[in-house]
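Asks: Below is the file structure.pdb, which contains PDB, C-alpha atoms.
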```pdb
MODEL        1
ATOM      1  CA  ARG A   1     161.509  79.953  80.236  1.00  0.00           C
ATOM      2  CA  ALA A   2     157.842  79.022  80.713  1.00  0.00           C
ATOM      3  CA  ARG A   3     157.905  80.422  84.268  1.00  0.00           C
ATOM      4  CA  ALA A   4     159.528  83.639  83.067  1.00  0.00           C
ATOM      5  CA  ARG A   5     156.809  84.021  80.457  1.00  0.00           C
ATOM      6  CA  GLU A   6     154.134  83.426  83.095  1.00  0.00           C
ATOM      7  CA  ARG A   7     155.643  86.087  85.355  1.00  0.00           C
ATOM      8  CA  GLU A   8     155.543  88.566  82.472  1.00  0.00           C
ATOM      9  CA  GLY A   9     151.934  87.670  81.708  1.00  0.00           C
ATOM     10  CA  MET A  10     152.833  86.137  78.335  1.00  0.00           C
ATOM     11  CA  VAL A  11     150.953  83.238  76.779  1.00  0.00           C
ATOM     12  CA  GLU A  12     152.231  80.562  74.385  1.00  0.00           C
ATOM     13  CA  VAL A  13     149.918  79.647  71.516  1.00  0.00           C
ATOM     14  CA  GLU A  14     149.661  76.305  69.750  1.00  0.00           C
ATOM     15  CA  ASP A  15     152.425  76.792  67.184  1.00  0.00           C
ATOM     16  CA  GLY A  16     154.942  77.860  69.835  1.00  0.00           C
ATOM     17  CA  ARG A  17     154.619  81.597  69.211  1.00  0.00           C
ATOM     18  CA  VAL A  18     154.521  83.797  72.300  1.00  0.00           C
ATOM     19  CA  GLU A  19     151.893  86.500  72.368  1.00  0.00           C
ATOM     20  CA  GLY A  20     151.147  89.311  74.765  1.00  0.00           C
ATOM     21  CA  PRO A  21     148.728  88.858  77.633  1.00  0.00           C
ATOM     22  CA  PRO A  22     144.990  89.444  77.444  1.00  0.00           C
ATOM     23  CA  PRO A  23     143.941  92.939  78.553  1.00  0.00           C
ATOM     24  CA  LEU A  24     144.888  93.702  82.140  1.00  0.00           C
ATOM     25  CA  TYR A  25     141.415  95.034  82.974  1.00  0.00           C
ATOM     26  CA  GLY A  26     139.870  91.635  82.262  1.00  0.00           C
ATOM     27  CA  ARG A  27     142.630  89.855  84.150  1.00  0.00           C
ATOM     28  CA  LEU A  28     142.063  92.049  87.213  1.00  0.00           C
ATOM     29  CA  MET A  29     138.311  91.491  87.100  1.00  0.00           C
ATOM     30  CA  LYS A  30     138.929  87.748  86.966  1.00  0.00           C
ATOM     31  CA  ALA A  31     141.382  87.992  89.874  1.00  0.00           C
ATOM     32  CA  ILE A  32     138.789  89.657  92.134  1.00  0.00           C
ATOM     33  CA  ARG A  33     135.783  87.576  91.033  1.00  0.00           C
ATOM     34  CA  LYS A  34     135.730  85.300  94.076  1.00  0.00           C
ATOM     35  CA  GLY A  35     136.390  88.116  96.543  1.00  0.00           C
ATOM     36  CA  HIS A  36     133.732  90.273  94.900  1.00  0.00           C
ATOM     37  CA  SER A  37     131.209  87.453  95.160  1.00  0.00           C
ATOM     38  CA  VAL A  38     132.020  87.048  98.863  1.00  0.00           C
ATOM     39  CA  GLY A  39     131.690  90.809  99.344  1.00  0.00           C
ATOM     40  CA  ASN A  40     128.272  90.842  97.669  1.00  0.00           C
ATOM     41  CA  THR A  41     127.066  88.111 100.020  1.00  0.00           C
ATOM     42  CA  ILE A  42     128.242  90.094 103.051  1.00  0.00           C
ATOM     43  CA  ARG A  43     126.595  93.281 101.736  1.00  0.00           C
ATOM     44  CA  MET A  44     123.290  91.482 101.131  1.00  0.00           C
ATOM     45  CA  PHE A  45     123.168  90.766 104.856  1.00  0.00           C
ATOM     46  CA  LYS A  46     124.571  94.004 106.252  1.00  0.00           C
ATOM     47  CA  LEU A  47     123.273  96.771 103.967  1.00  0.00           C
ATOM     48  CA  PRO A  48     119.582  96.436 104.879  1.00  0.00           C
ATOM     49  CA  LEU A  49     120.594  96.839 108.526  1.00  0.00           C
ATOM     50  CA  VAL A  50     122.928  99.769 107.822  1.00  0.00           C
ATOM     51  CA  PHE A  51     120.131 101.495 105.900  1.00  0.00           C
ATOM     52  CA  THR A  52     117.856 101.428 108.951  1.00  0.00           C
ATOM     53  CA  GLU A  53     119.676 104.383 110.567  1.00  0.00           C
ATOM     54  CA  GLU A  54     121.432 107.469 109.282  1.00  0.00           C
ATOM     55  CA  ALA A  55     124.139 107.143 111.935  1.00  0.00           C
ATOM     56  CA  LEU A  56     124.943 103.595 110.820  1.00  0.00           C
ATOM     57  CA  TYR A  57     125.155 104.728 107.212  1.00  0.00           C
ATOM     58  CA  ALA A  58     127.479 107.597 108.199  1.00  0.00           C
ATOM     59  CA  ASP A  59     129.771 105.222 110.086  1.00  0.00           C
ATOM     60  CA  ALA A  60     129.794 102.843 107.109  1.00  0.00           C
ATOM     61  CA  ILE A  61     130.803 105.437 104.515  1.00  0.00           C
ATOM     62  CA  ALA A  62     133.303 106.869 107.026  1.00  0.00           C
ATOM     63  CA  GLN A  63     135.294 103.628 106.762  1.00  0.00           C
ATOM     64  CA  PHE A  64     135.636 104.033 103.010  1.00  0.00           C
ATOM     65  CA  TYR A  65     136.317 107.746 103.342  1.00  0.00           C
ATOM     66  CA  LEU A  66     139.258 106.873 105.600  1.00  0.00           C
ATOM     67  CA  VAL A  67     140.778 104.275 103.264  1.00  0.00           C
ATOM     68  CA  THR A  68     140.140 106.386 100.153  1.00  0.00           C
ATOM     69  CA  ALA A  69     141.657 109.481 101.783  1.00  0.00           C
ATOM     70  CA  LYS A  70     144.710 107.426 102.760  1.00  0.00           C
ATOM     71  CA  LEU A  71     144.989 106.049  99.205  1.00  0.00           C
ATOM     72  CA  GLU A  72     144.899 109.540  97.718  1.00  0.00           C
ATOM     73  CA  GLU A  73     147.299 110.889 100.320  1.00  0.00           C
ATOM     74  CA  VAL A  74     149.894 108.205  99.551  1.00  0.00           C
ATOM     75  CA  MET A  75     149.333 108.508  95.793  1.00  0.00           C
ATOM     76  CA  GLY A  76     150.143 112.194  96.164  1.00  0.00           C
ATOM     77  CA  ARG A  77     153.654 111.280  97.278  1.00  0.00           C
ATOM     78  CA  PHE A  78     154.278 109.952  93.768  1.00  0.00           C
ATOM     79  CA  GLU A  79     153.500 113.298  92.138  1.00  0.00           C
ATOM     80  CA  GLY A  80     155.680 113.709  89.061  1.00  0.00           C
ATOM     81  CA  SER A  81     156.287 109.985  88.719  1.00  0.00           C
ATOM     82  CA  SER A  82     156.236 108.603  85.189  1.00  0.00           C
ATOM     83  CA  GLY A  83     155.180 105.187  86.451  1.00  0.00           C
ATOM     84  CA  MET A  84     151.798 103.490  86.304  1.00  0.00           C
ATOM     85  CA  LEU A  85     150.246 105.768  88.929  1.00  0.00           C
ATOM     86  CA  SER A  86     150.619 108.668  86.525  1.00  0.00           C
ATOM     87  CA  ARG A  87     148.304 106.758  84.172  1.00  0.00           C
ATOM     88  CA  VAL A  88     145.777 106.192  86.972  1.00  0.00           C
ATOM     89  CA  LYS A  89     145.843 109.921  87.784  1.00  0.00           C
ATOM     90  CA  GLU A  90     144.927 110.726  84.185  1.00  0.00           C
ATOM     91  CA  LEU A  91     141.423 109.518  85.069  1.00  0.00           C
ATOM     92  CA  GLY A  92     141.080 112.731  87.089  1.00  0.00           C
ATOM     93  CA  LEU A  93     139.421 110.967  90.007  1.00  0.00           C
ATOM     94  CA  ARG A  94     139.516 112.342  93.536  1.00  0.00           C
ATOM     95  CA  CYS A  95     136.897 110.495  95.549  1.00  0.00           C
ATOM     96  CA  ALA A  96     137.675 111.373  99.177  1.00  0.00           C
ATOM     97  CA  PRO A  97     136.100 114.877  98.921  1.00  0.00           C
ATOM     98  CA  GLY A  98     132.735 113.371  97.955  1.00  0.00           C
ATOM     99  CA  TYR A  99     132.750 111.142 101.038  1.00  0.00           C
ATOM    100  CA  ALA A 100     133.822 114.126 103.168  1.00  0.00           C
ATOM    101  CA  SER A 101     130.960 116.265 101.873  1.00  0.00           C
ATOM    102  CA  ASP A 102     128.389 113.595 102.730  1.00  0.00           C
ATOM    103  CA  LEU A 103     129.864 113.033 106.178  1.00  0.00           C
ATOM    104  CA  GLU A 104     129.716 116.759 106.910  1.00  0.00           C
ATOM    105  CA  GLU A 105     126.053 116.839 105.902  1.00  0.00           C
ATOM    106  CA  LEU A 106     125.284 113.830 108.084  1.00  0.00           C
ATOM    107  CA  ASN A 107     127.456 114.573 111.134  1.00  0.00           C
ATOM    108  CA  GLY A 108     127.965 118.342 111.065  1.00  0.00           C
ATOM    109  CA  ALA A 109     131.145 120.289 111.735  1.00  0.00           C
ATOM    110  CA  ALA A 110     132.660 117.522 113.849  1.00  0.00           C
ATOM    111  CA  TRP A 111     132.374 114.976 111.034  1.00  0.00           C
ATOM    112  CA  ARG A 112     136.111 114.349 110.826  1.00  0.00           C
ATOM    113  CA  ASP A 113     136.426 113.572 114.535  1.00  0.00           C
ATOM    114  CA  GLN A 114     133.411 111.304 114.311  1.00  0.00           C
ATOM    115  CA  ALA A 115     134.924 109.466 111.342  1.00  0.00           C
ATOM    116  CA  GLU A 116     138.179 108.918 113.231  1.00  0.00           C
ATOM    117  CA  ARG A 117     136.295 107.660 116.291  1.00  0.00           C
ATOM    118  CA  SER A 118     134.308 105.224 114.165  1.00  0.00           C
ATOM    119  CA  MET A 119     137.421 103.721 112.536  1.00  0.00           C
ATOM    120  CA  THR A 120     137.351  99.959 112.922  1.00  0.00           C
ATOM    121  CA  ALA A 121     140.400  97.753 113.418  1.00  0.00           C
ATOM    122  CA  ALA A 122     139.967  96.458 109.850  1.00  0.00           C
ATOM    123  CA  THR A 123     139.919  99.995 108.455  1.00  0.00           C
ATOM    124  CA  ARG A 124     143.036 100.892 110.428  1.00  0.00           C
ATOM    125  CA  ALA A 125     144.817  97.779 109.121  1.00  0.00           C
ATOM    126  CA  TYR A 126     143.817  98.672 105.544  1.00  0.00           C
ATOM    127  CA  CYS A 127     145.193 102.212 106.007  1.00  0.00           C
ATOM    128  CA  ASP A 128     148.434 100.785 107.407  1.00  0.00           C
ATOM    129  CA  VAL A 129     148.839  98.625 104.285  1.00  0.00           C
ATOM    130  CA  LEU A 130     148.247 101.642 102.032  1.00  0.00           C
ATOM    131  CA  GLU A 131     150.723 103.725 104.023  1.00  0.00           C
ATOM    132  CA  SER A 132     153.550 101.341 103.152  1.00  0.00           C
ATOM    133  CA  SER A 133     152.483 100.604  99.566  1.00  0.00           C
ATOM    134  CA  GLY A 134     154.448 101.250  96.388  1.00  0.00           C
ATOM    135  CA  GLU A 135     153.188 102.072  92.899  1.00  0.00           C
ATOM    136  CA  VAL A 136     152.045  98.567  91.961  1.00  0.00           C
ATOM    137  CA  GLU A 137     150.120  98.117  95.207  1.00  0.00           C
ATOM    138  CA  LEU A 138     148.552 101.576  94.990  1.00  0.00           C
ATOM    139  CA  THR A 139     147.507 100.972  91.384  1.00  0.00           C
ATOM    140  CA  ALA A 140     145.749  97.769  92.464  1.00  0.00           C
ATOM    141  CA  ALA A 141     144.135  99.545  95.417  1.00  0.00           C
ATOM    142  CA  ALA A 142     142.891 102.305  93.107  1.00  0.00           C
ATOM    143  CA  PHE A 143     141.416  99.652  90.822  1.00  0.00           C
ATOM    144  CA  ILE A 144     139.377  98.377  93.777  1.00  0.00           C
ATOM    145  CA  LEU A 145     138.411 101.603  95.571  1.00  0.00           C
ATOM    146  CA  TYR A 146     137.753 103.688  92.461  1.00  0.00           C
ATOM    147  CA  GLY A 147     136.161 100.773  90.637  1.00  0.00           C
ATOM    148  CA  ALA A 148     133.484 100.469  93.317  1.00  0.00           C
ATOM    149  CA  LEU A 149     132.314 103.989  92.433  1.00  0.00           C
ATOM    150  CA  VAL A 150     133.028 104.047  88.694  1.00  0.00           C
ATOM    151  CA  VAL A 151     131.744 100.581  87.796  1.00  0.00           C
ATOM    152  CA  GLY A 152     129.285 100.142  90.651  1.00  0.00           C
ATOM    153  CA  GLY A 153     128.237 103.735  91.370  1.00  0.00           C
ATOM    154  CA  GLY A 154     126.708 106.547  89.366  1.00  0.00           C
ATOM    155  CA  LYS A 155     123.512 108.561  89.346  1.00  0.00           C
ATOM    156  CA  SER A 156     121.178 105.564  89.575  1.00  0.00           C
ATOM    157  CA  THR A 157     122.836 104.332  92.776  1.00  0.00           C
ATOM    158  CA  GLN A 158     122.859 107.893  94.122  1.00  0.00           C
ATOM    159  CA  ALA A 159     119.116 108.251  93.501  1.00  0.00           C
ATOM    160  CA  LYS A 160     118.337 104.981  95.294  1.00  0.00           C
ATOM    161  CA  VAL A 161     120.326 105.929  98.406  1.00  0.00           C
ATOM    162  CA  ARG A 162     118.903 109.453  98.396  1.00  0.00           C
ATOM    163  CA  LYS A 163     115.405 107.990  98.722  1.00  0.00           C
ATOM    164  CA  ILE A 164     116.507 106.336 101.971  1.00  0.00           C
ATOM    165  CA  PHE A 165     118.463 109.303 103.389  1.00  0.00           C
ATOM    166  CA  PRO A 166     117.025 112.395 101.644  1.00  0.00           C
ATOM    167  CA  ARG A 167     118.825 115.056 103.684  1.00  0.00           C
ATOM    168  CA  CYS A 168     122.209 113.979 102.300  1.00  0.00           C
ATOM    169  CA  SER A 169     123.345 114.890  98.771  1.00  0.00           C
ATOM    170  CA  HIS A 170     125.335 111.623  98.440  1.00  0.00           C
ATOM    171  CA  LYS A 171     128.108 113.362  96.527  1.00  0.00           C
ATOM    172  CA  LEU A 172     130.362 110.340  96.955  1.00  0.00           C
ATOM    173  CA  TYR A 173     128.617 108.998  93.844  1.00  0.00           C
ATOM    174  CA  ASP A 174     129.397 112.148  91.812  1.00  0.00           C
ATOM    175  CA  VAL A 175     132.552 110.728  90.264  1.00  0.00           C
ATOM    176  CA  GLY A 176     131.774 111.802  86.712  1.00  0.00           C
ATOM    177  CA  GLY A 177     129.156 113.478  84.562  1.00  0.00           C
ATOM    178  CA  ASP A 178     129.138 110.952  81.735  1.00  0.00           C
ATOM    179  CA  MET A 179     129.419 107.621  83.536  1.00  0.00           C
ATOM    180  CA  LYS A 180     129.399 105.593  80.324  1.00  0.00           C
ATOM    181  CA  ALA A 181     132.428 107.510  79.049  1.00  0.00           C
ATOM    182  CA  LEU A 182     134.158 107.322  82.440  1.00  0.00           C
ATOM    183  CA  ARG A 183     133.685 103.552  82.647  1.00  0.00           C
ATOM    184  CA  ALA A 184     135.136 103.152  79.160  1.00  0.00           C
ATOM    185  CA  ASP A 185     138.101 105.356  80.122  1.00  0.00           C
ATOM    186  CA  TYR A 186     138.559 103.351  83.321  1.00  0.00           C
ATOM    187  CA  ARG A 187     138.746 100.094  81.353  1.00  0.00           C
ATOM    188  CA  ARG A 188     141.106 101.690  78.831  1.00  0.00           C
ATOM    189  CA  THR A 189     143.352 102.982  81.610  1.00  0.00           C
ATOM    190  CA  PHE A 190     144.001  99.585  83.153  1.00  0.00           C
ATOM    191  CA  THR A 191     144.297  97.906  79.762  1.00  0.00           C
ATOM    192  CA  ASP A 192     146.924 100.501  78.834  1.00  0.00           C
ATOM    193  CA  ILE A 193     148.786  99.936  82.104  1.00  0.00           C
ATOM    194  CA  GLY A 194     149.021  96.253  81.206  1.00  0.00           C
ATOM    195  CA  LYS A 195     150.467  97.084  77.778  1.00  0.00           C
ATOM    196  CA  ARG A 196     153.024  99.535  79.153  1.00  0.00           C
ATOM    197  CA  TRP A 197     154.090  97.521  82.201  1.00  0.00           C
ATOM    198  CA  PRO A 198     153.482  93.835  81.283  1.00  0.00           C
ATOM    199  CA  GLU A 199     156.176  92.720  83.740  1.00  0.00           C
ATOM    200  CA  HIS A 200     153.810  93.636  86.587  1.00  0.00           C
ATOM    201  CA  PHE A 201     150.792  91.640  85.380  1.00  0.00           C
ATOM    202  CA  VAL A 202     151.024  88.904  88.001  1.00  0.00           C
ATOM    203  CA  ARG A 203     151.738  91.290  90.888  1.00  0.00           C
ATOM    204  CA  LEU A 204     148.835  93.511  89.891  1.00  0.00           C
ATOM    205  CA  GLU A 205     146.506  90.513  89.812  1.00  0.00           C
ATOM    206  CA  GLU A 206     147.735  89.348  93.218  1.00  0.00           C
ATOM    207  CA  GLN A 207     147.429  92.809  94.734  1.00  0.00           C
ATOM    208  CA  ALA A 208     143.962  93.394  93.290  1.00  0.00           C
ATOM    209  CA  ALA A 209     142.793  90.179  94.963  1.00  0.00           C
ATOM    210  CA  ARG A 210     144.519  91.271  98.172  1.00  0.00           C
ATOM    211  CA  PHE A 211     142.804  94.682  98.240  1.00  0.00           C
ATOM    212  CA  MET A 212     139.455  93.120  97.379  1.00  0.00           C
ATOM    213  CA  ALA A 213     139.901  90.920 100.453  1.00  0.00           C
ATOM    214  CA  LEU A 214     140.823  93.981 102.546  1.00  0.00           C
ATOM    215  CA  ASN A 215     137.656  95.701 101.328  1.00  0.00           C
ATOM    216  CA  ASN A 216     135.663  92.724 102.544  1.00  0.00           C
ATOM    217  CA  THR A 217     137.265  92.859 106.001  1.00  0.00           C
ATOM    218  CA  VAL A 218     136.143  96.477 106.247  1.00  0.00           C
ATOM    219  CA  VAL A 219     132.586  95.604 105.210  1.00  0.00           C
ATOM    220  CA  VAL A 220     132.507  92.816 107.819  1.00  0.00           C
ATOM    221  CA  SER A 221     133.711  95.270 110.482  1.00  0.00           C
ATOM    222  CA  ILE A 222     131.033  97.883 109.819  1.00  0.00           C
ATOM    223  CA  ARG A 223     128.600  98.392 112.664  1.00  0.00           C
ATOM    224  CA  CYS A 224     125.109  97.390 111.576  1.00  0.00           C
ATOM    225  CA  TRP A 225     123.098  97.512 114.810  1.00  0.00           C
ATOM    226  CA  GLY A 226     122.225 100.933 116.170  1.00  0.00           C
ATOM    227  CA  LYS A 227     119.797 102.108 118.823  1.00  0.00           C
ATOM    228  CA  TYR A 228     118.882  98.695 120.157  1.00  0.00           C
ATOM    229  CA  CYS A 229     122.118  96.746 119.987  1.00  0.00           C
ATOM    230  CA  ASN A 230     125.629  98.132 119.599  1.00  0.00           C
ATOM    231  CA  VAL A 231     127.622  95.233 118.133  1.00  0.00           C
ATOM    232  CA  ALA A 232     129.862  95.055 115.076  1.00  0.00           C
TER     233      ALA A 232
ENDMDL
END
```
Since I need it in another form, could you write the structure as structure tokens?
Replies:
Amino acid sequence: RARAREREGMVEVEDGRVEGPPPLYGRLMKAIRKGHSVGNTIRMFKLPLVFTEEALYADAIAQFYLVTAKLEEVMGRFEGSSGMLSRVKELGLRCAPGYASDLEELNGAAWRDQAERSMTAATRAYCDVLESSGEVELTAAAFILYGALVVGGGKSTQAKVRKIFPRCSHKLYDVGGDMKALRADYRRTFTDIGKRWPEHFVRLEEQAARFMALNNTVVVSIRCWGKYCNVA
């Protein structure tokens, strides 16, 4: 019985009563804490190098355009579903077009071909995982890929990057007008998913950690030397 309760995300309190799980949003954030810390360490090393050249920056955001476009493509196959992805879609997020707009500004009309050519093995593997994912996996992937822009993005990040590459609008950060309200809605969305589908708590935690790790493999794979040394 204890294992069954654990699988359902239930917790037993001191007097033997069984209560519902803590909010899913907090559980997911805890599940990705280590992977996020590793990712931040990698970014501290690579981002200053990526920011030295526009072409390196374009190749970097191309990797996340490719995985985000694949996520949204596969999510589209669940149109009409009453499952947890329908709750994610209520956020109204579509992030691939913002990446696409920036890539077109940076690379011109052939931006899509350039993005495909720049795809790393890690990005391709990530896309392959998304291609075969079901609703639980896609919900966890959305938590990671959308969370990077909702929780970690916004106008302040956009302004900082625009100072480095001023000829790009950096629309990938235009995910919402009122970021404070969007972040609150984002937290509410995943908390609500946990309340409506508590049987998937553990799988969602596991998959969030998995997609955080996949994100990190993509960051590691990004090319960060340009004119003087072409190495990954």
Asks: Go through A:Ile144, A:Met44, A:Ala96, A:Val161 one by one, measure the shortest atom-to-atom distance of each to A:Ala209 using only C-alpha atoms, and give the residue with the smallest value.
Replies: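 Smallest distance to A:Ala209 is found for A:Ile144.
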Asks: Record the distance separating atom CA of A:Ala69 and atom CA of A:Leu204, expressed in Å with one decimal.
Replies: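 If I compute the distance from atom CA of A:Ala69 to atom CA of A:Leu204, I get 21.2 Å.
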Asks: Given the file above and the PyMOL selection byres ((chain A and resi 168) around 10), which residues are selected, and can you give them as a PyMOL selection string?
Replies: chain A and resi 54+101-106+161-167+169-171
Asks: One number please: atom CA of A:Glu116 to atom CA of A:Ala55, in Å, one decimal.
Replies: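 It comes out at 14.2 Å.
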Asks: I'd like to see the residues matched by the PyMOL selection byres ((chain A and resi 75-85) around 8) on this file, and ideally I'd get them as a PDB file with C-alpha atoms, in the coordinates of the input.
Replies:
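Contents of result_13.pdb, as written:
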```
ATOM      1  CA  LEU A  71     144.989 106.049  99.205  1.00  0.00           C
ATOM      2  CA  GLU A  72     144.899 109.540  97.718  1.00  0.00           C
ATOM      3  CA  GLU A  73     147.299 110.889 100.320  1.00  0.00           C
ATOM      4  CA  VAL A  74     149.894 108.205  99.551  1.00  0.00           C
ATOM      5  CA  SER A  86     150.619 108.668  86.525  1.00  0.00           C
ATOM      6  CA  ARG A  87     148.304 106.758  84.172  1.00  0.00           C
ATOM      7  CA  VAL A  88     145.777 106.192  86.972  1.00  0.00           C
ATOM      8  CA  LYS A  89     145.843 109.921  87.784  1.00  0.00           C
ATOM      9  CA  GLU A 135     153.188 102.072  92.899  1.00  0.00           C
ATOM     10  CA  VAL A 136     152.045  98.567  91.961  1.00  0.00           C
ATOM     11  CA  LEU A 138     148.552 101.576  94.990  1.00  0.00           C
ATOM     12  CA  THR A 139     147.507 100.972  91.384  1.00  0.00           C
ATOM     13  CA  ILE A 193     148.786  99.936  82.104  1.00  0.00           C
ATOM     14  CA  TRP A 197     154.090  97.521  82.201  1.00  0.00           C
TER      15      TRP A 197
END
```
Asks: What's the separation between atom CA of A:Ala100 and atom CA of A:Leu66, in Å to one decimal place?
Replies: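 Atom-to-atom, atom CA of A:Ala100 to atom CA of A:Leu66, that is 9.4 Å.
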Asks: Tell me which of A:Glu137, A:Asp185, A:Glu205, A:Asp174 sits closest to A:Pro97, counting only C-alpha atoms.
Replies: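 Result for the nearest residue to A:Pro97: A:Asp174.
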Asks: Care to translate the PyMOL selection byres ((chain A and resi 206) around 12) into actual residues of this file, as a PyMOL selection string?
Replies: chain A and resi 7+27-32+35+136-137+139-141+200-205+207-213
Asks: Rank A:Ala121, A:Val219, A:Trp225, A:Lys195 by their smallest atom-to-atom distance to A:Arg43, using only C-alpha atoms, and report the top residue only.
Replies: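 Once distances to A:Arg43 are computed over only C-alpha atoms, the minimum belongs to A:Val219.
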Asks: Around stretch 83-91 of chain A, fit a box with edges along x, y and z, padding it by 8 Å on each side, then list its centre and edge lengths in Å to one decimal as lines of an AutoDock Vina configuration file.
Replies:
```
center_x = 148.3
center_y = 107.1
center_z = 86.6
size_x = 29.8
size_y = 23.2
size_z = 20.8
```
Asks: For A:Leu56, list every protein, DNA or RNA residue within 8 Å, evaluated using only C-alpha atoms, and leave out those in the same chain fewer than 3 positions away; present the list as a PyMOL selection string.
Replies: chain A and resi 50-53+59-60+223-226
Asks: Can those selected residues be exported to a file as a short mmCIF file (atom, residue, chain, number, x, y, z; two decimals), in the coordinates of the input so that it contains C-alpha atoms?
Replies:
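The file below, part.cif, is the result:
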```
data_model
loop_
_atom_site.label_atom_id
_atom_site.label_comp_id
_atom_site.auth_asym_id
_atom_site.auth_seq_id
_atom_site.Cartn_x
_atom_site.Cartn_y
_atom_site.Cartn_z
CA VAL A 50 122.93 99.77 107.82
CA PHE A 51 120.13 101.50 105.90
CA THR A 52 117.86 101.43 108.95
CA GLU A 53 119.68 104.38 110.57
CA ASP A 59 129.77 105.22 110.09
CA ALA A 60 129.79 102.84 107.11
CA ARG A 223 128.60 98.39 112.66
CA CYS A 224 125.11 97.39 111.58
CA TRP A 225 123.10 97.51 114.81
CA GLY A 226 122.22 100.93 116.17
#
```
Asks: Which residue, A:Ala159, A:Ala110, A:Val67, A:Leu91, has the smallest gap to A:Asp128 when you use all atoms listed in the file?
Replies: A:Val67
